[in-house]
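Structure file my_file.txt (compact mmCIF, C-alpha atoms and all ligand atoms) follows.
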# COMPACT_ATOMS: atom_id res chain seq x y z
CA MET A 30 0.00 0.00 0.00
CA ARG A 31 1.47 3.33 -1.08
CA LYS A 32 1.14 6.19 1.33
CA HIS A 33 1.61 9.86 0.70
CA THR A 34 1.16 9.46 -3.03
CA PRO A 35 0.30 12.90 -4.36
CA GLU A 36 -2.57 13.12 -6.82
CA SER A 37 -0.25 14.84 -9.28
CA LEU A 38 1.66 11.58 -9.73
CA ASP A 39 -1.01 10.40 -12.18
CA SER A 40 -0.44 13.40 -14.38
CA LEU A 41 3.35 13.19 -14.49
CA PRO A 42 4.59 14.01 -17.96
CA VAL A 43 6.61 11.64 -20.06
CA MET A 44 10.21 12.25 -19.08
CA LEU A 45 12.02 14.21 -21.73
CA PRO A 46 15.73 13.80 -21.20
CA GLY A 47 18.06 16.23 -22.92
CA PRO A 48 21.46 15.46 -24.39
CA ASP A 49 24.18 14.11 -22.15
CA ILE A 50 26.55 16.90 -21.27
CA VAL A 51 30.25 16.40 -20.65
CA LEU A 52 31.67 18.07 -17.55
CA ALA A 53 35.23 18.41 -16.31
CA CYS A 54 36.13 17.66 -12.68
CA PRO A 55 37.17 21.05 -11.25
CA HIS A 56 40.13 19.43 -9.47
CA CYS A 57 41.75 17.18 -12.08
CA GLY A 58 39.79 17.86 -15.29
CA ALA A 59 38.60 14.26 -15.76
CA PRO A 60 35.54 14.21 -18.05
CA HIS A 61 32.17 12.93 -16.82
CA ARG A 62 28.86 12.62 -18.62
CA SER A 63 25.81 13.99 -16.91
CA PRO A 64 22.17 13.75 -17.96
CA SER A 65 20.30 16.96 -18.78
CA LEU A 66 16.70 17.87 -19.45
CA ALA A 67 15.17 18.89 -22.75
CA THR A 68 12.13 20.39 -21.09
CA ASP A 69 11.94 22.22 -17.83
CA ASN A 70 8.37 22.88 -16.83
CA THR A 71 6.59 22.51 -13.53
CA PHE A 72 3.84 20.30 -14.92
CA GLY A 73 3.43 17.40 -12.55
CA ALA A 74 5.36 19.22 -9.84
CA GLU A 75 5.28 17.97 -6.29
CA ARG A 76 5.70 19.98 -3.16
CA TRP A 77 6.56 18.37 0.14
CA SER A 78 6.69 19.54 3.71
CA ASP A 79 10.51 19.30 3.79
CA GLY A 80 10.72 21.97 1.08
CA TRP A 81 11.28 19.54 -1.75
CA PHE A 82 9.68 21.19 -4.76
CA GLU A 83 10.67 19.47 -7.91
CA THR A 84 9.28 17.78 -10.92
CA ALA A 85 9.97 14.11 -11.39
CA MET A 86 12.36 15.09 -14.18
CA ARG A 87 14.43 17.49 -12.11
CA ALA A 88 14.63 14.94 -9.34
CA SER A 89 16.61 12.68 -11.66
CA LEU A 90 19.53 15.11 -12.09
CA PRO A 91 22.61 14.63 -9.94
CA THR A 92 23.70 17.44 -7.60
CA VAL A 93 27.00 16.15 -6.32
CA ALA A 94 29.48 13.67 -7.79
CA ARG A 95 32.65 11.95 -6.72
CA CYS A 96 35.28 12.30 -9.45
CA VAL A 97 36.23 8.98 -11.02
CA GLY A 98 39.77 10.31 -11.54
CA CYS A 99 40.89 11.99 -8.31
CA ARG A 100 37.99 10.73 -6.11
CA VAL A 101 37.32 14.28 -4.83
CA PHE A 102 33.70 15.46 -4.65
CA PHE A 103 32.41 18.30 -6.83
CA TRP A 104 29.13 20.16 -7.45
CA VAL A 105 27.70 19.00 -10.77
CA GLU A 106 26.01 22.29 -11.63
CA ARG A 107 29.21 24.27 -11.09
CA ALA A 108 31.55 21.99 -13.04
CA ARG A 109 32.92 23.32 -16.31
CA ARG A 110 30.90 22.20 -19.32
CA LEU A 111 33.01 20.71 -22.08
CA CYS A 112 30.22 20.03 -24.58
CA ASP A 113 26.71 18.75 -25.21
CA LEU A 114 26.92 15.31 -26.74
CA ASP A 115 23.93 15.89 -29.03
CA SER A 116 24.96 19.23 -30.44
CA ILE A 117 26.55 18.30 -33.71
CA SER A 118 27.87 21.39 -35.41
CA GLU A 119 29.55 19.85 -38.39
CA TRP A 120 28.12 17.64 -41.05
CA ARG A 121 29.63 16.08 -44.08
CA GLU A 122 28.10 14.55 -47.17
CA GLU A 123 28.67 10.90 -47.80
CA PRO A 124 27.77 9.09 -51.03
CA HIS A 125 25.35 6.22 -50.45
CA THR A 126 23.74 3.78 -52.83
CA ARG A 127 19.95 3.61 -52.67
CA LEU A 128 18.33 0.38 -53.86
CA ILE A 129 14.80 0.17 -55.21
CA LEU A 130 12.73 -2.93 -55.75
CA ASP A 131 11.07 -2.51 -59.16
CA HIS A 132 9.52 -5.95 -59.68
CA ALA A 133 9.11 -8.83 -57.27
CA GLY A 134 9.05 -11.58 -59.91
CA LYS A 135 7.35 -14.89 -59.29
CA ARG A 136 8.90 -15.85 -55.94
CA ARG A 137 7.06 -13.18 -54.00
CA VAL A 138 7.25 -14.97 -50.64
CA ASP A 139 11.05 -15.23 -50.79
CA VAL A 140 11.38 -11.62 -51.96
CA ARG A 141 9.05 -10.50 -49.21
CA HIS A 142 11.26 -12.29 -46.69
CA LEU A 143 14.36 -10.53 -48.08
CA LEU A 144 12.66 -7.15 -47.99
CA LEU A 145 11.56 -7.73 -44.39
CA GLN A 146 15.18 -8.51 -43.51
CA GLU A 147 16.43 -5.28 -45.08
CA LEU A 148 13.71 -2.98 -43.76
CA GLY A 149 13.41 -4.53 -40.33
CA THR A 150 9.79 -3.39 -40.02
CA ASN A 151 6.98 -5.96 -39.98
CA LEU A 152 5.21 -8.28 -42.34
CA GLU A 153 2.17 -6.04 -42.73
CA ASP A 154 4.35 -3.10 -43.74
CA VAL A 155 6.30 -5.22 -46.23
CA ARG A 156 3.12 -6.62 -47.79
CA ARG A 157 1.77 -3.10 -48.26
CA ARG A 158 4.98 -1.93 -49.88
CA MET A 159 5.07 -4.91 -52.25
CA ASP A 160 1.55 -4.12 -53.42
CA ARG A 161 2.79 -0.71 -54.57
CA LEU A 162 6.06 -1.24 -56.38
CA PRO A 163 8.54 0.30 -56.88
CA THR A 164 9.55 0.59 -53.23
CA PRO A 165 12.88 1.48 -51.58
CA ILE A 166 14.93 -1.37 -50.11
CA GLY A 167 17.51 0.72 -48.28
CA GLN A 168 20.61 2.93 -48.47
CA TYR A 169 24.08 1.49 -48.30
CA ARG A 170 27.38 3.12 -47.45
CA THR A 171 29.43 1.12 -49.92
CA ARG A 172 28.74 -0.09 -53.42
CA GLU A 173 29.96 -3.52 -52.39
CA GLU A 174 27.28 -3.74 -49.70
CA ALA A 175 24.61 -2.60 -52.20
CA ARG A 176 25.80 -5.11 -54.78
CA LYS A 177 25.50 -8.02 -52.31
CA VAL A 178 21.92 -7.03 -51.45
CA THR A 179 21.06 -6.62 -55.15
CA LEU A 180 22.39 -10.10 -55.91
CA ARG A 181 20.27 -11.67 -53.13
CA PHE A 182 17.12 -10.13 -54.63
CA GLU A 183 18.05 -10.97 -58.20
CA HIS A 184 18.74 -14.55 -57.15
CA GLN A 185 15.03 -14.77 -56.26
CA GLY A 186 14.01 -13.36 -59.65
CA ALA A 187 13.36 -9.77 -58.51
CA ALA A 188 14.38 -6.64 -60.44
CA VAL A 189 16.35 -4.03 -58.49
CA SER A 190 17.60 -0.61 -59.60
CA SER A 191 20.05 1.68 -57.86
CA GLN A 192 20.68 5.42 -57.39
CA GLU A 193 23.68 7.28 -56.00
CA VAL A 194 22.58 9.70 -53.30
CA ALA A 195 24.39 12.13 -50.99
CA VAL A 196 23.56 11.63 -47.32
CA LYS A 197 24.39 14.11 -44.56
CA VAL A 198 26.19 12.42 -41.67
CA PRO A 199 27.43 14.01 -38.46
CA LEU A 200 31.12 14.69 -38.29
CA ASP A 201 32.00 13.81 -34.75
CA THR A 202 35.27 15.51 -33.98
CA ARG A 203 34.96 15.28 -30.22
CA PRO A 204 37.58 13.25 -28.39
CA ALA A 205 36.65 9.66 -27.59
CA GLU A 206 37.39 10.24 -23.91
CA TRP A 207 34.49 12.72 -23.83
CA ARG A 208 32.10 10.47 -25.67
CA GLN A 209 33.02 7.51 -23.48
CA ALA A 210 33.29 9.41 -20.19
CA PRO A 211 31.63 7.66 -17.23
CA ARG A 212 28.10 8.73 -16.46
CA ILE A 213 27.44 10.53 -13.18
CA ARG A 214 24.91 8.61 -11.12
CA LEU A 215 22.20 10.21 -9.05
CA GLU A 216 23.52 10.66 -5.52
CA ASP A 217 21.91 9.06 -2.51
CA GLU A 218 21.97 10.02 1.16
CA ALA A 219 25.09 7.94 1.87
CA LEU A 220 27.10 9.62 -0.90
CA LEU A 221 26.06 13.06 0.33
CA LEU A 222 27.08 12.17 3.89
CA ASP A 223 30.50 11.19 2.46
CA ALA A 224 30.68 14.53 0.64
CA LEU A 225 29.93 16.36 3.90
CA ARG A 226 32.55 14.36 5.77
CA GLU A 227 35.13 15.02 3.06
CA GLY A 228 34.60 18.76 3.18
CA LEU A 229 32.83 19.54 -0.12
CA ALA A 230 31.03 22.46 1.53
CA ARG A 231 33.40 25.43 1.84
CA THR A 232 30.97 28.11 3.01
CA LEU A 233 27.95 28.15 5.31
CA ASP A 234 25.66 28.50 2.30
CA GLU A 235 27.24 25.47 0.67
CA GLU A 236 26.98 23.54 3.91
CA ARG A 237 23.30 24.41 4.22
CA GLU A 238 22.71 23.35 0.61
CA LEU A 239 24.57 20.08 1.00
CA ARG A 240 22.87 19.25 4.30
CA ARG A 241 19.47 20.05 2.80
CA TRP A 242 20.14 17.77 -0.15
CA THR A 243 21.22 15.05 2.30
CA TRP A 244 17.94 15.44 4.18
CA TRP A 245 15.92 15.44 0.94
CA ARG A 246 17.61 12.36 -0.50
CA GLY A 247 17.14 10.60 2.82
CA ASN A 248 13.42 11.44 2.66
CA ASP A 249 13.08 10.32 -0.96
CA ALA A 250 12.13 6.75 -0.04
CA PHE A 251 9.15 8.10 1.91
CA ARG A 252 7.98 10.15 -1.06
CA GLY A 253 7.78 6.83 -2.88
CA GLY A 254 5.57 5.30 -0.22
CA ASP A 255 7.94 3.48 2.20
CA ALA A 256 6.67 3.24 5.79
CA TRP A 257 7.74 6.43 7.58
CA VAL A 258 10.70 6.41 9.95
CA PRO A 259 10.96 9.64 12.01
CA LEU A 260 14.28 11.48 11.67
CA SER A 261 14.82 10.85 15.38
CA GLN A 262 14.92 7.09 14.72
CA ARG A 263 17.37 7.14 11.84
CA ASP A 264 21.15 6.62 11.88
CA TYR A 265 23.36 8.76 14.06
CA GLU A 266 24.91 10.61 11.10
CA VAL A 267 21.49 11.38 9.65
CA ARG A 268 20.30 12.77 12.99
CA GLU A 269 23.50 14.81 13.29
CA ASN A 270 22.87 16.21 9.82
CA ALA A 271 19.37 17.28 10.89
CA ARG A 272 20.77 18.95 14.00
CA ALA A 273 23.47 20.80 12.05
CA LEU A 274 20.94 21.86 9.42
CA MET A 275 18.68 23.30 12.12
CA ALA A 276 21.57 25.37 13.42
CA LEU A 277 22.13 26.68 9.88
CA CYS A 278 18.39 27.43 9.50
CA SER A 279 18.15 29.59 12.59
CA SER A 280 19.02 32.69 10.58
CA GLU A 281 16.40 35.19 9.41
CA GLY A 282 14.14 34.52 6.41
CA THR A 283 10.91 32.58 6.12
CA GLU A 284 12.16 29.54 4.33
CA PRO A 285 14.93 28.55 6.76
CA ARG A 286 12.57 28.98 9.72
CA TRP A 287 9.93 26.90 8.05
CA LEU A 288 12.52 24.19 7.35
CA HIS A 289 13.73 24.42 10.93
CA ALA A 290 10.17 23.79 12.15
CA GLU A 291 9.80 20.87 9.74
CA LEU A 292 13.06 19.32 10.96
CA LEU A 293 11.79 19.59 14.56
CA ARG A 294 8.50 17.95 13.57
CA GLU A 295 10.26 15.10 11.72
CA LEU A 296 12.46 14.68 14.82
CA GLU A 297 9.23 14.32 16.86
CA ARG A 298 9.96 17.54 18.80
CA PHE A 299 6.38 18.71 18.25
CA GLU A 300 6.13 21.43 20.91
CA GLU A 301 9.25 23.20 19.66
CA ALA A 302 7.98 22.87 16.08
CA LEU A 303 4.66 24.45 17.05
CA VAL A 304 6.37 27.40 18.74
CA LEU A 305 8.17 28.18 15.49
CA LEU A 306 5.16 27.50 13.26
CA ASP A 307 2.90 29.71 15.37
CA ARG A 308 5.25 32.61 14.65
CA MET A 309 4.60 32.12 10.92
CA PRO A 310 0.91 32.82 10.34
CA SER A 311 0.97 31.72 6.69
CA PRO A 312 -2.08 29.56 5.90
CA GLU A 313 0.10 27.35 3.71
CA LEU A 314 1.81 26.05 6.83
CA GLU A 315 -1.53 24.94 8.29
CA PRO A 316 -0.99 21.26 7.26
CA LEU A 317 2.32 21.32 9.17
CA ARG A 318 0.72 22.90 12.24
CA ASP A 319 -2.11 20.36 12.09
CA ALA A 320 0.33 17.47 11.89
CA ALA A 321 2.46 18.84 14.76
CA ARG A 322 -0.67 19.18 16.93
CA ARG A 323 -1.57 15.55 16.12
CA ARG A 324 2.04 14.58 17.02
CA ASP A 325 2.44 13.24 13.50
CA SER A 326 6.04 13.41 12.22
CA ARG A 327 5.38 11.98 8.75
CA LEU A 328 6.58 13.77 5.64
CA LEU A 329 3.57 15.45 4.00
CA PRO A 330 2.73 16.15 0.40
CA LEU A 331 1.54 19.76 0.16
CA PRO A 332 -1.11 21.06 -2.21
CA PHE A 333 0.10 22.58 -5.46
CA PRO A 334 0.38 25.34 -6.52
CA VAL A 335 1.75 27.02 -3.41
CA ARG A 336 3.21 30.51 -3.40
CA GLU A 337 5.59 32.01 -0.90
CA SER A 338 3.40 34.26 1.18
CA PRO A 339 4.82 37.64 2.18
CA ALA A 340 2.40 37.54 5.13
CA SER A 341 4.64 34.94 6.76
CA GLU A 342 7.59 37.35 7.01
CA PRO A 343 8.45 38.20 10.62
ZN ZN B 401 38.98 14.87 -10.42

Starting from the coordinates I provided, produce the structure as C-alpha cells.
Ligand SMILES: [Zn+2]
Amino acid sequence: MRKHTPESLDSLPVMLPGPDIVLACPHCGAPHRSPSLATDNTFGAERWSDGWFETAMRASLPTVARCVGCRVFFWVERARRLCDLDSISEWREEPHTRLILDHAGKRRVDVRHLLLQELGTNLEDVRRRMDRLPTPIGQYRTREEARKVTLRFEHQGAAVSSQEVAVKVPLDTRPAEWRQAPRIRLEDEALLLDALREGLARTLDEERELRRWTWWRGNDAFRGGDAWVPLSQRDYEVRENARALMALCSSEGTEPRWLHAELLRELERFEEALVLLDRMPSPELEPLRDAARRRDSRLLPLPFPVRESPASEP
C-alpha cells in the first residue's frame, strides 16, 4: 500500500531527457557525462513539507558527484561544461547507394522475406509496400554492400535498380574520452554524507545546501511510499545532519525557519515545532501545524500550486 502518493503523480509528464553533457572535474579535469533535461516545466510538480519542490524530471539530475579520476567530490552544476553530446555542429556529405525494388518476380514470398530482412519493419508493412512497387529497399554506405543485397534479390528473380545519393552524416570531432566518459549517477543520502565528511562544503551557504540535499535524499524513499521512519529514529549521522541543518536554519528569512520547524516535527519535537510555526501565520503552513498538533512526524505532500506568502515574514 502506497502512502503519501500525491494526486499529481497520475499526471506526471513523459520524461524528456536532454542530451548528455560532458563536464570536467574542477580538481583534475577528468571528463564525466551527466544527464540533462530537454524540457523544464513545472507540470506534474510535487511539493513536500521538507521543502522539496521538484518535478519528477528534475529529481533525476545529480547534484553532487565523486570524481572517477581523483575521487574528490564536486558540485555537478558548477563543473565546467566541455560540450553537449547531441549538439553536432559539423556535417559532411557521404555518397550512399539507394536500392529500389522494381519488380518482385514470381517468388514473392522469398522476396518479401528478403525485404523484411532489409527494412526490419513488420510483415504487414512489407506486404503493403510490395503491393505498390517500386519501393525502396535501403541505403548502403558502400557499393559492395549494395551489390550483395542486389544479388540476393536478383537470385530470387526480382528486379532491383540503384541510385547514387548524398547523405548528410554528423562529423563527430569530439575526443573519444568525452564520448566515453563515465556517467554521473544520481547521488543518494550515503554519498552526500560522504561529501559532507570530506569537506565539499566550503561556506555556510554550501553547507546548508549540501545538508538540505542530504535530508531530501534521505526522505526520498518516503515520497515513494515506504513506511515512515521519524528522523529521530534514523542513523546517528542522519540525525546529526538534521541537528546541524537546524543550526544553519536559525538565521532570518521565512524559508529557513519553516525548514527548521519541519526538521523539529520530523524529529518528533512537536512542541518546539509548534512554537516556530505559530510565529509564521501563513495559511500554507496549516498542514504542518495540524500534523504537529496531532504529534504526526510523517513527511507530508503539500497542495500545489503554493506561493511564498509575504504575510509569513516576521
Ligand atoms: Zn577529479

Item checked: Ala276 in chain A surroundings by all atoms listed in the file, 12 Å radius, close-in-sequence under 2 positions cut, as JSON, numbers by chain -> {"A": [233, 236, 237, 240, 269, 270, 271, 272, 273, 274, 278, 279, 280, 281, 285, 286, 288, 289, 290, 292, 293]}

Next item on the list: Please provide as a list in words all residues within 6 Å of range 190-204 of chain A, with the sequence filter that same-chain residues fewer than 5 positions apart are discarded (counting all atoms listed in the file).
Entry: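 With the cut-off at 6 Å, the set is Glu119, Trp120, Arg121, Glu122, Glu123, Pro124, His125, Thr126, Arg127, Leu128 and Ile129 of chain A.
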
Notebook entry, point to check: Just how far from CA of Leu162 in chain A is CA of Gly186 in chain A, in Å to one decimal?
Noted result: 14.9 Å

Notebook entry, point to check: What is the distance between CA of Ile50 in chain A and CA of Trp77 in chain A, in Å to one decimal?
Noted result: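 So the two atoms, CA of Ile50 in chain A and CA of Trp77 in chain A, lie 29.3 Å apart.
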
Check: Within 10 Å of ligand ZN 401 (chain B), counting all atoms listed in the file, which protein or nucleic acid residues do you find, written as a ChimeraX atom specification?
Finding: /A:53-61,94-103

Might I get the box with edges along x, y and z of the file that holds all atoms of range 130-138 of chain A listed there, padded by 6 Å on every side, given as centre and edge lengths in Å to one decimal, as lines of an AutoDock Vina configuration file?
center_x = 9.9
center_y = -9.2
center_z = -55.3
size_x = 17.7
size_y = 25.3
size_z = 21.3

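Across A:Arg136, A:Leu145, A:Leu331, A:Leu317, the tightest approach to Trp287 in chain A is made by A:Leu317 when counting only C-alpha atoms.
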
Next item on the list: Kindly indicate which residue among A:Val267, A:Val105, A:Leu260, A:Met309 lies nearest to Arg327 in chain A, using only C-alpha atoms for the distances.
Entry: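 Selected residue with least distance to Arg327 in chain A: A:Leu260.
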
Margin query: If I take CA of Thr92 in chain A and CA of Leu215 in chain A, how far is one from the other in Å, to one decimal?
Written below: 7.5 Å

Notebook entry, point to check: From the list A:Arg318, A:Arg323, A:Arg170, A:Val258, which residue is nearest Leu296 in chain A when using only C-alpha atoms?
Noted result: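 The shortest atom-to-atom distance to Leu296 in chain A comes from A:Val258.
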
Next item on the list: Name the residues in contact with Trp245 in chain A at a cut-off of 9 Å, using all atoms listed in the file, excluding same-chain residues fewer than 6 positions from it; report them as a list in words.
Entry: Asp79, Gly80, Trp81 and Glu218 of chain A

Next item on the list: Considering all atoms listed in the file, return as a PyMOL selection string whatever protein or nucleic-acid residues lie within 9 Å of range 150-159 of chain A, sequence-local ones (same chain, fewer than 5 positions apart) excluded.
Entry: chain A and resi 130+132-133+137+141-142+144-145+164-165

Margin query: Nearest residue to Leu225 in chain A out of A:Trp257, A:Tyr169, A:Phe299, A:Trp104, using all atoms listed in the file?
Written below: A:Trp104

Check: Which of these residues is nearest to Pro316 in chain A, using all atoms listed in the file: A:Ser78, A:Gln168, A:Leu66, A:Tyr265?
Finding: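 Between A:Ser78, A:Gln168, A:Leu66, A:Tyr265, the residue approaching Pro316 in chain A most closely is A:Ser78.
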
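Of the listed residues A:Pro211, A:Gly149, A:Pro163, A:Gly134, the one whose atoms come nearest to Pro64 in chain A is A:Pro211, with distances taken using only C-alpha atoms.
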